[in-house]
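Structure data follow from protein05.txt (compact mmCIF, C-alpha atoms):
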# COMPACT_ATOMS: atom_id res chain seq x y z
CA MET A 1 66.92 141.79 242.49
CA SER A 2 64.37 143.10 240.02
CA GLY A 3 61.97 146.01 240.15
CA SER A 4 61.89 148.44 243.07
CA PRO A 5 64.33 147.92 245.97
CA ILE A 6 61.68 149.08 248.46
CA TRP A 7 60.64 146.72 251.26
CA HIS A 8 57.04 147.71 252.01
CA PRO A 9 55.42 147.45 255.47
CA PHE A 10 52.86 144.71 256.17
CA THR A 11 53.44 143.40 252.65
CA GLN A 12 54.28 139.83 251.68
CA HIS A 13 56.30 140.48 248.53
CA GLY A 14 56.27 136.77 247.72
CA LEU A 15 52.59 137.06 246.76
CA ARG A 16 53.63 139.43 243.94
CA GLU A 17 50.60 141.62 244.43
CA PRO A 18 50.64 144.84 242.39
CA ILE A 19 51.85 147.99 244.15
CA PRO A 20 50.35 151.05 242.42
CA LEU A 21 52.41 154.21 242.06
CA VAL A 22 50.45 157.16 243.47
CA THR A 23 51.31 160.55 242.00
CA HIS A 24 49.05 162.93 243.91
CA GLY A 25 46.02 163.24 246.13
CA GLU A 26 43.12 165.61 246.63
CA GLY A 27 40.24 165.38 249.06
CA ALA A 28 39.14 161.77 249.40
CA ALA A 29 40.90 160.62 246.22
CA LEU A 30 44.34 159.42 245.18
CA TYR A 31 45.62 159.40 241.60
CA THR A 32 47.99 156.83 240.12
CA ALA A 33 50.63 156.97 237.42
CA ASP A 34 48.47 154.86 235.11
CA GLY A 35 45.63 157.40 235.23
CA ARG A 36 43.31 155.88 237.82
CA ARG A 37 41.35 157.78 240.48
CA ILE A 38 41.29 155.79 243.73
CA ILE A 39 38.75 156.50 246.48
CA ASP A 40 40.53 156.47 249.82
CA GLY A 41 38.20 154.48 252.06
CA ILE A 42 40.61 154.10 254.99
CA SER A 43 42.09 157.61 255.22
CA SER A 44 45.46 156.22 254.09
CA TRP A 45 45.88 154.04 257.19
CA TRP A 46 43.55 156.08 259.41
CA VAL A 47 45.50 159.35 259.32
CA THR A 48 43.86 161.66 256.75
CA THR A 49 41.00 163.42 258.52
CA HIS A 50 40.19 166.50 256.43
CA GLY A 51 41.28 165.11 253.05
CA HIS A 52 44.52 164.87 251.11
CA CYS A 53 46.47 168.09 250.56
CA HIS A 54 44.11 170.29 252.56
CA PRO A 55 44.99 173.86 251.46
CA ARG A 56 45.36 175.28 254.99
CA ILE A 57 47.70 172.50 256.09
CA MET A 58 49.74 172.59 252.88
CA ALA A 59 50.08 176.38 253.18
CA ALA A 60 51.25 176.11 256.79
CA ILE A 61 53.87 173.54 255.83
CA ALA A 62 55.10 175.65 252.92
CA ALA A 63 55.34 178.79 255.06
CA GLN A 64 57.25 177.00 257.81
CA THR A 65 59.82 175.55 255.38
CA ALA A 66 60.96 179.10 254.67
CA LYS A 67 61.52 179.84 258.38
CA LEU A 68 62.91 176.86 260.29
CA ASP A 69 63.21 173.26 259.19
CA GLN A 70 64.68 171.49 262.22
CA ILE A 71 66.20 172.26 265.61
CA ILE A 72 67.28 170.08 268.53
CA PHE A 73 64.47 170.17 271.09
CA ALA A 74 66.55 169.24 274.14
CA GLY A 75 67.04 172.59 275.84
CA TRP A 76 65.73 174.59 272.85
CA THR A 77 62.25 175.52 271.67
CA HIS A 78 60.46 177.21 268.79
CA GLU A 79 57.20 179.03 268.12
CA PRO A 80 55.27 176.26 266.28
CA ALA A 81 55.84 173.83 269.18
CA GLU A 82 54.89 176.43 271.79
CA THR A 83 51.75 177.39 269.89
CA LEU A 84 50.76 173.76 269.41
CA ALA A 85 51.26 172.89 273.09
CA ARG A 86 49.05 175.81 274.12
CA GLY A 87 46.47 174.83 271.52
CA LEU A 88 46.40 171.21 272.67
CA THR A 89 46.04 172.07 276.35
CA ALA A 90 43.15 174.37 275.37
CA ILE A 91 41.23 171.75 273.39
CA MET A 92 42.04 168.58 275.37
CA PRO A 93 40.90 167.82 278.95
CA ARG A 94 42.19 170.54 281.27
CA GLU A 95 43.73 167.95 283.62
CA LEU A 96 46.28 167.06 280.91
CA THR A 97 48.70 169.91 281.45
CA ARG A 98 51.92 168.58 279.90
CA VAL A 99 52.76 167.87 276.25
CA PHE A 100 55.65 165.62 275.22
CA TYR A 101 56.41 165.41 271.49
CA SER A 102 57.45 162.35 269.51
CA ASP A 103 57.18 161.05 265.97
CA SER A 104 54.49 158.35 265.64
CA GLY A 105 51.75 156.45 267.41
CA SER A 106 54.14 153.71 268.48
CA THR A 107 56.59 156.19 269.98
CA SER A 108 53.80 158.05 271.78
CA VAL A 109 52.94 154.73 273.45
CA GLU A 110 56.59 154.06 274.30
CA VAL A 111 56.73 157.50 275.91
CA ALA A 112 53.55 156.81 277.89
CA LEU A 113 54.88 153.51 279.23
CA LYS A 114 58.18 155.10 280.24
CA MET A 115 56.36 157.99 281.91
CA ALA A 116 54.27 155.54 283.91
CA LEU A 117 57.22 153.46 285.05
CA GLY A 118 59.26 156.57 285.78
CA PHE A 119 56.42 157.91 287.91
CA TRP A 120 56.48 154.88 290.19
CA ALA A 121 60.28 154.69 290.25
CA SER A 122 60.49 158.31 291.41
CA ARG A 123 58.12 157.50 294.26
CA GLY A 124 60.19 154.53 295.32
CA GLU A 125 57.29 152.14 294.79
CA PRO A 126 58.05 148.78 293.10
CA ARG A 127 55.27 148.87 290.51
CA HIS A 128 56.29 147.51 287.13
CA ARG A 129 53.39 145.48 285.75
CA ILE A 130 51.48 146.88 282.78
CA LEU A 131 47.90 145.75 282.14
CA VAL A 132 46.45 145.49 278.64
CA MET A 133 43.24 144.44 276.90
CA GLN A 134 42.90 141.29 274.81
CA HIS A 135 43.04 141.93 271.02
CA SER A 136 44.69 145.31 271.51
CA TYR A 137 47.27 146.84 269.19
CA HIS A 138 49.48 149.77 270.14
CA GLY A 139 52.24 149.75 267.52
CA ASP A 140 55.27 147.89 266.28
CA THR A 141 58.15 149.08 268.46
CA ILE A 142 59.22 146.73 271.26
CA GLY A 143 57.28 148.32 274.12
CA ALA A 144 54.20 148.88 271.94
CA MET A 145 54.30 145.25 270.76
CA SER A 146 54.66 144.09 274.35
CA VAL A 147 51.37 145.74 275.32
CA GLY A 148 49.58 144.47 272.21
CA GLU A 149 47.97 141.15 271.37
CA ARG A 150 50.48 138.31 271.03
CA GLY A 151 50.23 136.43 267.76
CA VAL A 152 51.21 136.65 264.12
CA TYR A 153 52.11 140.34 264.41
CA ASN A 154 54.93 139.74 266.85
CA ALA A 155 55.57 135.99 267.28
CA ALA A 156 59.08 136.22 265.79
CA TYR A 157 60.06 138.86 268.33
CA SER A 158 58.65 137.24 271.47
CA PRO A 159 62.08 136.94 273.18
CA LEU A 160 62.23 140.74 273.24
CA LEU A 161 58.78 141.38 274.69
CA PHE A 162 58.12 141.98 278.37
CA ASP A 163 55.38 140.23 280.33
CA VAL A 164 52.03 141.96 280.82
CA GLY A 165 48.71 141.24 282.50
CA THR A 166 45.80 140.80 280.10
CA VAL A 167 42.10 141.43 280.70
CA PRO A 168 39.53 139.89 278.33
CA PHE A 169 37.83 141.99 275.69
CA PRO A 170 34.42 143.07 277.07
CA LEU A 171 32.14 141.03 274.85
CA ALA A 172 28.47 142.01 274.96
CA GLY A 173 26.89 140.27 277.92
CA ALA A 174 30.25 139.30 279.42
CA GLU A 175 31.54 142.73 280.41
CA GLN A 176 31.69 141.86 284.09
CA ALA A 177 34.44 139.31 283.45
CA THR A 178 36.59 142.11 282.06
CA LEU A 179 35.89 144.37 285.00
CA ASP A 180 36.50 141.61 287.57
CA THR A 181 39.82 140.65 285.96
CA LEU A 182 40.93 144.28 285.86
CA GLU A 183 39.91 144.81 289.49
CA ALA A 184 41.96 141.82 290.64
CA ALA A 185 45.02 142.86 288.62
CA CYS A 186 44.83 146.44 289.90
CA ARG A 187 44.46 145.21 293.47
CA ASP A 188 47.77 143.39 293.06
CA GLY A 189 49.55 146.68 292.50
CA ALA A 190 49.86 147.23 288.75
CA ALA A 191 51.70 150.27 287.43
CA ALA A 192 49.35 151.18 284.58
CA PHE A 193 46.54 150.01 282.33
CA ILE A 194 46.71 150.95 278.64
CA VAL A 195 43.63 150.73 276.45
CA GLU A 196 42.21 151.79 273.09
CA PRO A 197 39.03 153.62 274.14
CA LEU A 198 35.78 152.21 272.68
CA LEU A 199 37.33 150.85 269.49
CA LEU A 200 40.14 148.33 269.00
CA GLY A 201 41.59 148.98 265.55
CA ALA A 202 44.00 146.39 264.18
CA GLY A 203 42.49 143.82 266.54
CA GLY A 204 39.47 143.69 264.23
CA MET A 205 37.56 146.98 264.66
CA LEU A 206 36.04 145.69 267.88
CA ILE A 207 33.65 148.05 269.66
CA TYR A 208 32.65 148.17 273.33
CA PRO A 209 30.33 150.61 275.15
CA PRO A 210 31.27 153.83 276.98
CA TRP A 211 29.97 152.55 280.33
CA VAL A 212 32.64 149.81 280.28
CA LEU A 213 35.36 152.38 279.63
CA ALA A 214 34.05 154.48 282.53
CA GLU A 215 34.05 151.45 284.86
CA MET A 216 37.59 150.50 283.86
CA ARG A 217 38.75 154.05 284.58
CA ALA A 218 37.03 153.99 287.97
CA ILE A 219 38.70 150.70 288.89
CA CYS A 220 42.13 152.09 288.04
CA ALA A 221 41.47 155.25 290.05
CA ARG A 222 40.27 153.21 293.02
CA HIS A 223 43.57 151.30 293.13
CA ASP A 224 45.83 154.20 292.13
CA VAL A 225 46.77 152.52 288.84
CA LEU A 226 47.71 154.92 286.04
CA PHE A 227 45.23 154.93 283.16
CA ILE A 228 46.72 155.36 279.67
CA ALA A 229 44.36 156.11 276.78
CA ASP A 230 45.80 155.27 273.38
CA GLU A 231 43.75 157.58 271.16
CA VAL A 232 46.21 157.45 268.27
CA MET A 233 43.46 156.08 266.02
CA THR A 234 40.29 156.88 267.98
CA GLY A 235 41.13 160.56 268.49
CA TRP A 236 40.38 163.53 266.26
CA GLY A 237 36.74 162.66 265.69
CA ARG A 238 36.96 159.06 264.47
CA THR A 239 34.45 157.75 267.02
CA GLY A 240 32.17 160.79 266.68
CA THR A 241 33.75 163.03 269.32
CA LEU A 242 37.12 164.74 269.49
CA LEU A 243 38.30 161.98 271.85
CA ALA A 244 36.59 158.64 272.38
CA CYS A 245 37.10 159.14 276.13
CA GLU A 246 34.62 162.02 276.04
CA GLN A 247 31.76 159.58 275.47
CA ALA A 248 32.50 157.94 278.83
CA ASP A 249 33.30 161.21 280.62
CA VAL A 250 36.79 159.81 281.22
CA VAL A 251 40.03 161.73 281.59
CA PRO A 252 43.14 159.52 281.48
CA ASP A 253 46.34 160.09 283.40
CA ILE A 254 48.28 159.85 280.14
CA LEU A 255 46.95 160.36 276.60
CA CYS A 256 48.57 159.25 273.31
CA LEU A 257 47.77 161.16 270.11
CA SER A 258 49.11 160.97 266.55
CA LYS A 259 47.61 160.19 263.08
CA GLY A 260 45.02 162.99 262.77
CA LEU A 261 47.15 165.37 264.85
CA THR A 262 48.48 166.93 261.63
CA GLY A 263 45.40 166.07 259.61
CA GLY A 264 47.44 163.10 258.43
CA ALA A 265 49.81 165.25 256.39
CA ILE A 266 53.11 164.62 258.15
CA PRO A 267 54.36 162.47 261.06
CA LEU A 268 53.96 163.84 264.58
CA ALA A 269 52.77 162.52 267.93
CA VAL A 270 52.23 163.79 271.44
CA THR A 271 51.89 162.15 274.82
CA MET A 272 49.92 164.35 277.19
CA ALA A 273 50.10 163.86 280.94
CA ARG A 274 48.71 165.13 284.19
CA GLU A 275 50.88 167.46 286.22
CA ALA A 276 51.64 164.74 288.78
CA ILE A 277 53.39 162.69 286.09
CA PHE A 278 55.57 165.68 285.19
CA ASP A 279 56.22 166.50 288.86
CA ALA A 280 57.49 162.97 289.48
CA HIS A 281 60.34 163.68 287.05
CA TYR A 282 60.95 167.28 288.20
CA SER A 283 64.12 167.60 290.26
CA ASP A 284 67.46 169.36 290.54
CA ASP A 285 69.00 165.91 290.13
CA ARG A 286 69.83 165.31 286.46
CA ALA A 287 69.66 161.54 287.02
CA LYS A 288 65.90 161.86 287.59
CA MET A 289 65.05 163.57 284.29
CA PHE A 290 62.81 161.88 281.73
CA PHE A 291 65.23 160.03 279.47
CA HIS A 292 63.49 159.98 276.12
CA SER A 293 63.87 161.79 272.82
CA SER A 294 64.41 161.38 269.11
CA SER A 295 66.31 163.50 266.62
CA TYR A 296 63.11 164.95 265.19
CA THR A 297 61.20 165.63 268.42
CA ALA A 298 58.78 168.54 267.82
CA ASN A 299 59.94 169.09 264.25
CA PRO A 300 58.88 172.68 263.39
CA ILE A 301 57.34 171.77 260.02
CA ALA A 302 55.25 169.00 261.58
CA CYS A 303 54.16 171.30 264.40
CA ALA A 304 53.11 173.93 261.85
CA ALA A 305 50.93 171.32 260.14
CA ALA A 306 49.37 170.40 263.48
CA ASN A 307 48.66 174.05 264.23
CA ALA A 308 46.84 174.31 260.92
CA ASN A 309 44.82 171.23 261.91
CA LEU A 310 43.80 172.92 265.17
CA THR A 311 42.77 176.00 263.20
CA ILE A 312 40.56 173.84 260.99
CA TRP A 313 38.92 172.34 264.07
CA ARG A 314 38.32 175.83 265.49
CA GLU A 315 37.13 177.58 262.34
CA GLU A 316 35.54 174.94 260.11
CA PRO A 317 32.40 172.83 260.81
CA VAL A 318 34.36 169.63 261.44
CA GLY A 319 31.83 168.36 263.97
CA ALA A 320 28.99 168.78 261.47
CA ARG A 321 30.98 166.93 258.80
CA ILE A 322 31.60 164.05 261.19
CA ALA A 323 27.93 163.88 262.15
CA ASP A 324 26.86 163.93 258.50
CA LEU A 325 29.35 161.21 257.54
CA THR A 326 28.24 159.11 260.51
CA ALA A 327 24.60 159.32 259.42
CA ARG A 328 25.33 158.60 255.75
CA GLN A 329 27.42 155.55 256.62
CA ALA A 330 24.75 154.22 258.99
CA ALA A 331 22.25 154.17 256.12
CA LEU A 332 24.68 152.45 253.76
CA LEU A 333 25.72 149.93 256.41
CA ALA A 334 22.08 148.99 256.92
CA LEU A 335 21.92 147.91 253.27
CA LEU A 336 25.06 145.79 253.66
CA ARG A 337 23.78 144.16 256.84
CA ALA A 338 21.01 142.40 254.95
CA ARG A 339 23.34 140.75 252.41
CA LYS A 340 24.10 137.07 252.43
CA GLY A 341 27.49 136.26 253.96
CA VAL A 342 27.66 139.47 256.03
CA ALA A 343 27.88 139.20 259.82
CA ASN A 344 28.41 141.52 262.78
CA ALA A 345 27.79 144.80 260.97
CA ARG A 346 28.78 147.55 263.36
CA ALA A 347 29.61 151.24 263.52
CA ILE A 348 30.99 153.90 265.81
CA GLY A 349 31.31 157.47 264.63
CA THR A 350 32.88 157.54 261.17
CA VAL A 351 34.02 153.90 261.32
CA THR A 352 31.97 150.95 260.05
CA ALA A 353 32.90 147.28 259.80
CA ILE A 354 31.50 143.91 258.76
CA GLU A 355 32.68 140.31 258.78
CA VAL A 356 32.53 138.34 255.53
CA MET A 357 31.75 134.69 256.24
CA ASP A 358 33.35 132.17 253.87
CA ALA A 359 35.35 128.94 253.86
CA GLY A 360 38.44 131.14 253.58
CA GLY A 361 38.40 131.41 257.37
CA THR A 362 38.45 134.23 259.88
CA GLY A 363 41.15 136.36 261.47
CA TYR A 364 44.00 138.42 260.09
CA LEU A 365 45.47 135.59 257.98
CA SER A 366 42.12 134.58 256.48
CA GLN A 367 42.48 133.62 252.82
CA LEU A 368 39.66 136.07 252.16
CA GLY A 369 42.00 138.99 252.82
CA PRO A 370 44.01 138.85 249.57
CA ARG A 371 40.88 138.07 247.54
CA LEU A 372 39.03 141.07 248.94
CA LEU A 373 42.06 143.30 248.51
CA ALA A 374 42.28 142.34 244.84
CA ALA A 375 38.56 142.92 244.37
CA PHE A 376 38.77 146.42 245.81
CA ARG A 377 41.91 147.26 243.85
CA ALA A 378 40.13 146.26 240.63
CA ARG A 379 37.32 148.67 241.55
CA ASP A 380 39.70 151.59 242.25
CA LEU A 381 38.99 151.53 245.98
CA LEU A 382 41.57 151.84 248.73
CA LEU A 383 40.15 149.41 251.28
CA ARG A 384 42.48 147.16 253.26
CA PRO A 385 40.60 144.33 254.99
CA LEU A 386 41.80 142.92 258.28
CA GLY A 387 41.51 139.31 257.14
CA ASN A 388 37.79 138.72 256.69
CA THR A 389 36.91 142.03 258.34
CA ILE A 390 36.08 144.86 255.94
CA TYR A 391 36.05 148.31 257.49
CA VAL A 392 35.46 151.81 256.15
CA MET A 393 37.12 154.86 257.70
CA PRO A 394 37.13 157.64 255.08
CA PRO A 395 38.26 161.28 255.29
CA TYR A 396 35.52 163.52 256.66
CA CYS A 397 35.33 165.41 253.35
CA ILE A 398 34.22 162.41 251.26
CA ASP A 399 31.22 163.29 249.09
CA GLU A 400 28.05 161.29 248.61
CA ALA A 401 29.01 159.86 245.22
CA ASP A 402 32.37 158.51 246.42
CA LEU A 403 30.87 157.08 249.60
CA ASP A 404 28.16 155.36 247.57
CA ARG A 405 30.86 153.89 245.31
CA LEU A 406 32.75 152.55 248.31
CA TYR A 407 29.74 150.70 249.68
CA ALA A 408 28.65 149.52 246.24
CA GLY A 409 32.14 148.08 245.75
CA ILE A 410 31.92 146.29 249.09
CA ALA A 411 28.50 144.88 248.18
CA GLU A 412 29.84 143.62 244.83
CA ALA A 413 32.86 142.01 246.48
CA VAL A 414 30.69 140.29 249.10
CA GLU A 415 28.42 139.04 246.32
CA ASP A 416 31.41 137.68 244.39
CA ILE A 417 32.60 135.84 247.50
CA ALA A 418 29.14 134.38 248.09
CA ARG A 419 29.20 133.04 244.51
CA GLY A 420 32.62 131.52 245.11
CA GLY A 421 34.53 134.25 243.25

Output the file's structure in the form of structure tokens.
Amino acid sequence: MSGSPIWHPFTQHGLREPIPLVTHGEGAALYTADGRRIIDGISSWWVTTHGHCHPRIMAAIAAQTAKLDQIIFAGWTHEPAETLARGLTAIMPRELTRVFYSDSGSTSVEVALKMALGFWASRGEPRHRILVMQHSYHGDTIGAMSVGERGVYNAAYSPLLFDVGTVPFPLAGAEQATLDTLEAACRDGAAAFIVEPLLLGAGGMLIYPPWVLAEMRAICARHDVLFIADEVMTGWGRTGTLLACEQADVVPDILCLSKGLTGGAIPLAVTMAREAIFDAHYSDDRAKMFFHSSSYTANPIACAAANANLTIWREEPVGARIADLTARQAALLALLRARKGVANARAIGTVTAIEVMDAGGTGYLSQLGPRLLAAFRARDLLLRPLGNTIYVMPPYCIDEADLDRLYAGIAEAVEDIARGG
């Protein structure tokens, strides 16, 4: 073994691509040990909403470390968790009355699936089938992989994955096929339908309209199928509103949140549920409790960071920042759209994406991916293409100069590809 012993996620070490050492971050920038300033164009994997090392969040973390670092949450509680739960129920849809803590987006999905199945088990109804959308991604734990797209992400683990029902992605002009498939599956007595509202992330930054989301919710309600909204990535303003579901006037039965929950500073997730889901597990019989936890459930330091995030949303003009970033990116995307080799330019809220057309192919394993990654790294840009899909999802604090540099770097890379570079 030579070099670092670290095994990095979603990294093929056999390609021997450089792995920069980051020393610190501020705002929309990261700084490396060799003196480079890197513009963070993807919010460090979609988590950093207000910018790196936001003073209010850092101060909350520092203050909490002097009070309480960790406590078992089974049968115990603490002030940061209580404050956060009250804050979340105040800002999220009022129908979501219960807050269950976990550690990541994947675990929030696992919790949601177990809540749904536990709900039907407590009612004595044999509903076990989970419905999902084509091209979806919900995480890398076993349950989360099971409800995601089958393919290169999880092919090696297929013996572990449970069977699901899949509805087609609602392509423009073919939305009715999605709705008809969902209607038929719900009529057969499914337990739950889990979906990324409006925007499918790792599946290729695929966007569908709010009216489709509203129709899917109505179908589930009509057949008494639980509706799970995975807003791990789409929540906290990414699609232009606090939750993507707001744009369709949809309230799910179960809601998954993580990433921007702490402003991206520290891991934490919640699964919020309607009272009926909680009531299904409420009993004087210990065998009917909700059997899920982790050692770090509701970690006090993480909860303190999340409380600071809620304070920022209450007291700072976050909505105005999101609207401004949305408008600025729309103008820059329009310039990219006209370039040779660019297809399917699209945007929703603070997220934009394009496809780069080349003989390198399409999809996650497109040979364009490594070439684009190298091109962005050489330009001091943190952009991580999904194969031939380039997307931009920066922190809301990014200034005009850095945003211009991001899009200029994309334009240069696309030009290089068009020239065969």

Residues at most 12 Å from Thr239 of chain A, counting all atoms listed in the file, excluding those fewer than 4 positions away in the same chain, as a count of residues only?
36

Set out as CSV a contact list for segment 26-107 of chain A and segment 127-143 of chain A with a cut-off of 12 Å, giving each residue of segment 26-107 of chain A that qualifies its closest atom pair and distance in Å to one decimal, counting only C-alpha atoms, ordered by chain and rising residue number.
residue,atom,partner,partner_atom,distance
A:Ser104,CA,A:Gly139,CA,9.1
A:Gly105,CA,A:Gly139,CA,6.7
A:Ser106,CA,A:Gly139,CA,4.5
A:Thr107,CA,A:Thr141,CA,7.4

Nearest to Arg339 of chain A among A:Ala413, A:Thr178, A:Thr83, A:Leu226, with distances taken over only C-alpha atoms: which residue is it?
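Closest to Arg339 of chain A of all the choices is A:Ala413.
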
From the list A:Pro395, A:Pro20, A:Pro267, A:Gly75, which residue is nearest Ala33 of chain A when using all atoms listed in the file?
A:Pro20

Name the residues within 10 Å of (57.4, 166.9, 283.1), counting only C-alpha atoms in the file's coordinates, and put them as a list in words.
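Every polymer residue passing the test: Thr97, Arg98, Val99, Phe100, Met115, Met272, Ala273, Arg274, Glu275, Ala276, Ile277, Phe278, Asp279, Ala280, His281, Tyr282, Ser283, Met289 and Phe290 of chain A.
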
Exercise: Pro370 of chain A partners within 10 Å, only C-alpha atoms, chain neighbours under 6 positions left out, as a list of chain:residue names
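In the requested format, the answer is A:Leu15, A:Glu17, A:Phe376, A:Arg384, A:Pro385, A:Leu386, A:Gly387, A:Asn388.
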
Å distance separating atom CA of Met92 of chain A from atom CA of Leu113 of chain A, one decimal place:
20.2 Å
